[in-house]
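*Asks:* Contents of run_28.cif (mmCIF, C-alpha atoms) are below:
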data_upload
#
loop_
_atom_site.label_atom_id
_atom_site.label_comp_id
_atom_site.auth_asym_id
_atom_site.auth_seq_id
_atom_site.Cartn_x
_atom_site.Cartn_y
_atom_site.Cartn_z
CA MET A 1 77.82 219.69 161.17
CA ASN A 2 80.22 220.50 158.40
CA ALA A 3 83.52 222.33 158.73
CA ALA A 4 81.71 225.68 158.74
CA GLY A 5 79.53 224.57 161.67
CA ILE A 6 76.35 224.31 159.57
CA ARG A 7 74.09 221.35 160.28
CA MET A 8 72.72 219.52 157.26
CA PRO A 9 68.91 219.70 156.98
CA ALA A 10 67.10 216.49 157.96
CA TRP A 11 65.75 215.91 154.44
CA ALA A 12 69.26 216.19 152.99
CA ALA A 13 70.69 213.80 155.60
CA ALA A 14 67.96 211.24 154.89
CA LEU A 15 68.57 211.60 151.16
CA SER A 16 72.32 211.17 151.70
CA GLY A 17 71.66 207.95 153.58
CA LEU A 18 69.36 206.76 150.83
CA VAL A 19 72.00 207.51 148.18
CA ALA A 20 74.71 205.76 150.21
CA GLY A 21 72.47 202.70 150.53
CA ALA A 22 71.69 202.72 146.82
CA VAL A 23 75.39 202.97 145.95
CA ALA A 24 76.16 200.06 148.28
CA LEU A 25 73.42 197.88 146.80
CA GLY A 26 74.37 198.86 143.25
CA VAL A 27 78.03 197.97 143.73
CA ALA A 28 77.07 194.72 145.47
CA GLN A 29 74.76 193.82 142.59
CA ILE A 30 77.50 194.46 140.01
CA VAL A 31 80.00 192.32 141.93
CA ALA A 32 77.38 189.57 142.36
CA GLY A 33 76.78 189.65 138.61
CA LEU A 34 80.46 188.87 138.10
CA ILE A 35 80.55 186.11 140.74
CA ASP A 36 77.07 184.60 141.13
CA PRO A 37 73.76 186.51 140.97
CA GLY A 38 72.54 184.49 143.96
CA ALA A 39 75.27 186.14 146.06
CA ALA A 40 73.62 189.57 145.74
CA PRO A 41 72.77 190.72 149.28
CA VAL A 42 69.06 191.31 148.65
CA VAL A 43 68.67 187.90 146.99
CA ALA A 44 70.70 186.16 149.72
CA VAL A 45 68.74 187.85 152.52
CA GLY A 46 65.48 186.99 150.73
CA GLY A 47 66.51 183.35 150.49
CA ALA A 48 67.51 183.26 154.15
CA MET A 49 64.18 184.83 155.11
CA VAL A 50 62.25 182.26 153.07
CA ASP A 51 64.18 179.47 154.79
CA ALA A 52 63.36 180.91 158.23
CA THR A 53 59.68 181.58 157.49
CA PRO A 54 57.10 179.18 158.96
CA ALA A 55 55.33 176.96 156.42
CA GLY A 56 51.93 178.54 157.08
CA LEU A 57 53.20 182.02 156.28
CA LYS A 58 54.88 180.77 153.08
CA GLU A 59 51.62 179.15 151.98
CA TRP A 60 49.71 182.36 152.71
CA ALA A 61 52.21 184.39 150.63
CA ILE A 62 51.90 181.98 147.71
CA ARG A 63 48.08 182.04 147.91
CA THR A 64 48.00 185.83 148.20
CA PHE A 65 50.69 186.82 145.69
CA GLY A 66 50.79 183.75 143.45
CA SER A 67 53.91 183.57 141.31
CA ASN A 68 54.78 187.13 142.41
CA ASP A 69 55.62 186.07 145.97
CA LYS A 70 59.40 186.36 145.46
CA PRO A 71 59.29 189.79 143.76
CA VAL A 72 57.02 191.05 146.57
CA LEU A 73 59.48 189.72 149.17
CA LEU A 74 62.50 191.27 147.42
CA GLY A 75 60.63 194.55 146.94
CA GLY A 76 59.75 194.59 150.63
CA ILE A 77 63.40 194.02 151.55
CA VAL A 78 64.45 196.94 149.34
CA VAL A 79 61.83 199.23 150.91
CA VAL A 80 62.96 198.31 154.43
CA LEU A 81 66.61 198.83 153.43
CA ALA A 82 65.73 202.25 151.98
CA LEU A 83 63.99 203.30 155.19
CA ILE A 84 66.89 202.10 157.33
CA ALA A 85 69.41 203.82 155.03
CA ALA A 86 67.49 207.10 155.32
CA GLY A 87 67.48 206.66 159.10
CA LEU A 88 71.22 206.05 159.07
CA GLY A 89 71.63 209.25 157.09
CA LEU A 90 69.76 211.08 159.85
CA LEU A 91 71.94 209.47 162.51
CA ALA A 92 75.07 210.39 160.54
CA ARG A 93 74.10 214.06 160.96
CA ARG A 94 75.16 213.72 164.56
CA ARG A 95 78.25 211.64 163.86
CA THR A 96 79.49 210.31 160.52
CA ALA A 97 80.66 207.11 162.19
CA TYR A 98 77.03 206.08 162.75
CA GLY A 99 76.42 205.95 159.01
CA THR A 100 79.67 204.10 158.39
CA LEU A 101 78.87 201.59 161.12
CA GLY A 102 75.37 201.10 159.72
CA LEU A 103 76.72 200.32 156.25
CA ALA A 104 79.24 197.91 157.77
CA LEU A 105 76.42 196.12 159.61
CA PHE A 106 74.43 195.89 156.37
CA GLY A 107 77.50 194.32 154.77
CA LEU A 108 77.83 191.79 157.59
CA VAL A 109 74.16 190.82 157.39
CA GLY A 110 74.41 190.39 153.62
CA ALA A 111 77.62 188.36 153.91
CA ALA A 112 76.12 186.12 156.60
CA ALA A 113 73.00 185.59 154.50
CA ALA A 114 75.11 184.75 151.44
CA LEU A 115 77.14 182.23 153.43
CA SER A 116 73.94 180.63 154.74
CA ARG A 117 72.92 179.55 151.25
CA PRO A 118 73.43 175.84 150.53
CA ASP A 119 75.76 176.32 147.55
CA ALA A 120 77.73 179.25 149.01
CA GLY A 121 81.48 179.54 149.15
CA VAL A 122 83.76 182.13 150.67
CA VAL A 123 83.65 184.14 147.43
CA HIS A 124 79.92 184.76 147.98
CA VAL A 125 80.69 187.32 150.70
CA LEU A 126 82.48 189.59 148.21
CA PRO A 127 79.37 191.41 146.89
CA SER A 128 78.28 192.41 150.41
CA ILE A 129 81.79 193.46 151.41
CA ALA A 130 82.29 195.46 148.21
CA GLY A 131 78.91 197.12 148.64
CA ALA A 132 79.61 198.10 152.23
CA ALA A 133 83.03 199.47 151.26
CA ALA A 134 81.73 201.53 148.32
CA ARG A 135 80.19 204.52 149.95
CA PRO A 136 80.06 207.97 148.43
CA GLY A 137 82.58 210.46 149.74
CA PRO A 138 81.59 213.48 151.82
CA CYS A 139 79.95 216.41 150.11
CA ARG A 140 82.28 219.40 150.08
CA ALA A 141 79.76 221.93 148.78
#
Kindly return the structure encoded in the file as structure tokens.
*Replies:*
Amino acid sequence: MNAAGIRMPAWAAALSGLVAGAVALGVAQIVAGLIDPGAAPVVAVGGAMVDATPAGLKEWAIRTFGSNDKPVLLGGIVVVLALIAAGLGLLARRRTAYGTLGLALFGLVGAAAALSRPDAGVVHVLPSIAGAAARPGPCRA
């Protein structure tokens, strides 16, 4: 509820979560572009997922998607992130801290994935941290 005691409609809360997630990913991508594009959270998580995937599943993905296997994986990660961000927006209707905590957890997952890469250094966590910290302010309308 806002200061006037009016609860945000579910569609607006989901959209707010989606926008917050997009802002976080956008900021993280910009920071990664300045540091190392491989440090971008979606790319780092994708790489970590590929490393953890059984060989048979990797072979199936390559047979099924050919040279598009990586774009399909990254697209799938973005879709899942969008759904989770919308869900966090819905949770934040009850308590804003839920949305903030969700973004912080996204940042931690991205930072951990970036650090798991073979050529990663401490600086590779910066895109995920910057993305998690860059959330839109509350709507005052």
*Asks:* Enter the distance from CA of Ile84 in chain A to CA of Lys58 in chain A, in Å, rounded to one decimal.
*Replies:* 24.8 Å
*Asks:* Mind checking which residues fall within 10 Å of range 102-117 of chain A, counting all atoms listed in the file, ignoring those fewer than 5 positions away in the same chain, and posting them as a short mmCIF file (atom, residue, chain, number, x, y, z; two decimals) with C-alpha atoms, in the frame of the given file?
*Replies:*
data_model
loop_
_atom_site.label_atom_id
_atom_site.label_comp_id
_atom_site.auth_asym_id
_atom_site.auth_seq_id
_atom_site.Cartn_x
_atom_site.Cartn_y
_atom_site.Cartn_z
CA GLY A 17 71.66 207.95 153.58
CA ALA A 20 74.71 205.76 150.21
CA GLY A 21 72.47 202.70 150.53
CA ALA A 24 76.16 200.06 148.28
CA LEU A 25 73.42 197.88 146.80
CA ALA A 28 77.07 194.72 145.47
CA GLY A 38 72.54 184.49 143.96
CA ALA A 39 75.27 186.14 146.06
CA ALA A 40 73.62 189.57 145.74
CA PRO A 41 72.77 190.72 149.28
CA VAL A 42 69.06 191.31 148.65
CA VAL A 43 68.67 187.90 146.99
CA ALA A 44 70.70 186.16 149.72
CA VAL A 45 68.74 187.85 152.52
CA GLY A 46 65.48 186.99 150.73
CA GLY A 47 66.51 183.35 150.49
CA ALA A 48 67.51 183.26 154.15
CA MET A 49 64.18 184.83 155.11
CA ASP A 51 64.18 179.47 154.79
CA LEU A 81 66.61 198.83 153.43
CA ILE A 84 66.89 202.10 157.33
CA ALA A 85 69.41 203.82 155.03
CA GLY A 87 67.48 206.66 159.10
CA LEU A 88 71.22 206.05 159.07
CA GLY A 89 71.63 209.25 157.09
CA LEU A 91 71.94 209.47 162.51
CA ALA A 92 75.07 210.39 160.54
CA ALA A 97 80.66 207.11 162.19
CA VAL A 122 83.76 182.13 150.67
CA VAL A 123 83.65 184.14 147.43
CA HIS A 124 79.92 184.76 147.98
CA VAL A 125 80.69 187.32 150.70
CA LEU A 126 82.48 189.59 148.21
CA PRO A 127 79.37 191.41 146.89
CA SER A 128 78.28 192.41 150.41
CA ILE A 129 81.79 193.46 151.41
CA ALA A 130 82.29 195.46 148.21
CA GLY A 131 78.91 197.12 148.64
CA ALA A 132 79.61 198.10 152.23
CA ALA A 133 83.03 199.47 151.26
CA ALA A 134 81.73 201.53 148.32
CA ARG A 135 80.19 204.52 149.95
#
*Asks:* Could you check which of A:Thr53, A:Ala82, A:Gly121, A:Pro37 is closest to Leu18 in chain A, using all atoms listed in the file?
*Replies:*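 When distances to Leu18 in chain A are compared using all atoms listed in the file, the smallest one comes from A:Ala82.
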*Asks:* Could you check which of A:Met8, A:Val19, A:Ala120, A:Leu34 is closest to Leu83 in chain A, using only C-alpha atoms?
*Replies:*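 Ranking A:Met8, A:Val19, A:Ala120, A:Leu34 by distance to Leu83 in chain A, first place goes to A:Val19.
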*Asks:* Mind pulling up the distance from CA of Leu73 in chain A to CA of Tyr98 in chain A?
*Replies:*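 Computing the Euclidean distance for CA of Tyr98 in chain A and CA of Leu73 in chain A yields 27.6 Å.
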*Asks:* Please indicate the distance in Å from CA of Arg7 in chain A to CA of Gly26 in chain A, rounded to one decimal place.
*Replies:* 28.2 Å
*Asks:* Return the single residue from A:Val31, A:Ala55, A:Leu74, A:Ala13 that is closest to Arg95 in chain A, with distances computed using all atoms listed in the file.
*Replies:*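 The shortest atom-to-atom distance to Arg95 in chain A comes from A:Ala13.
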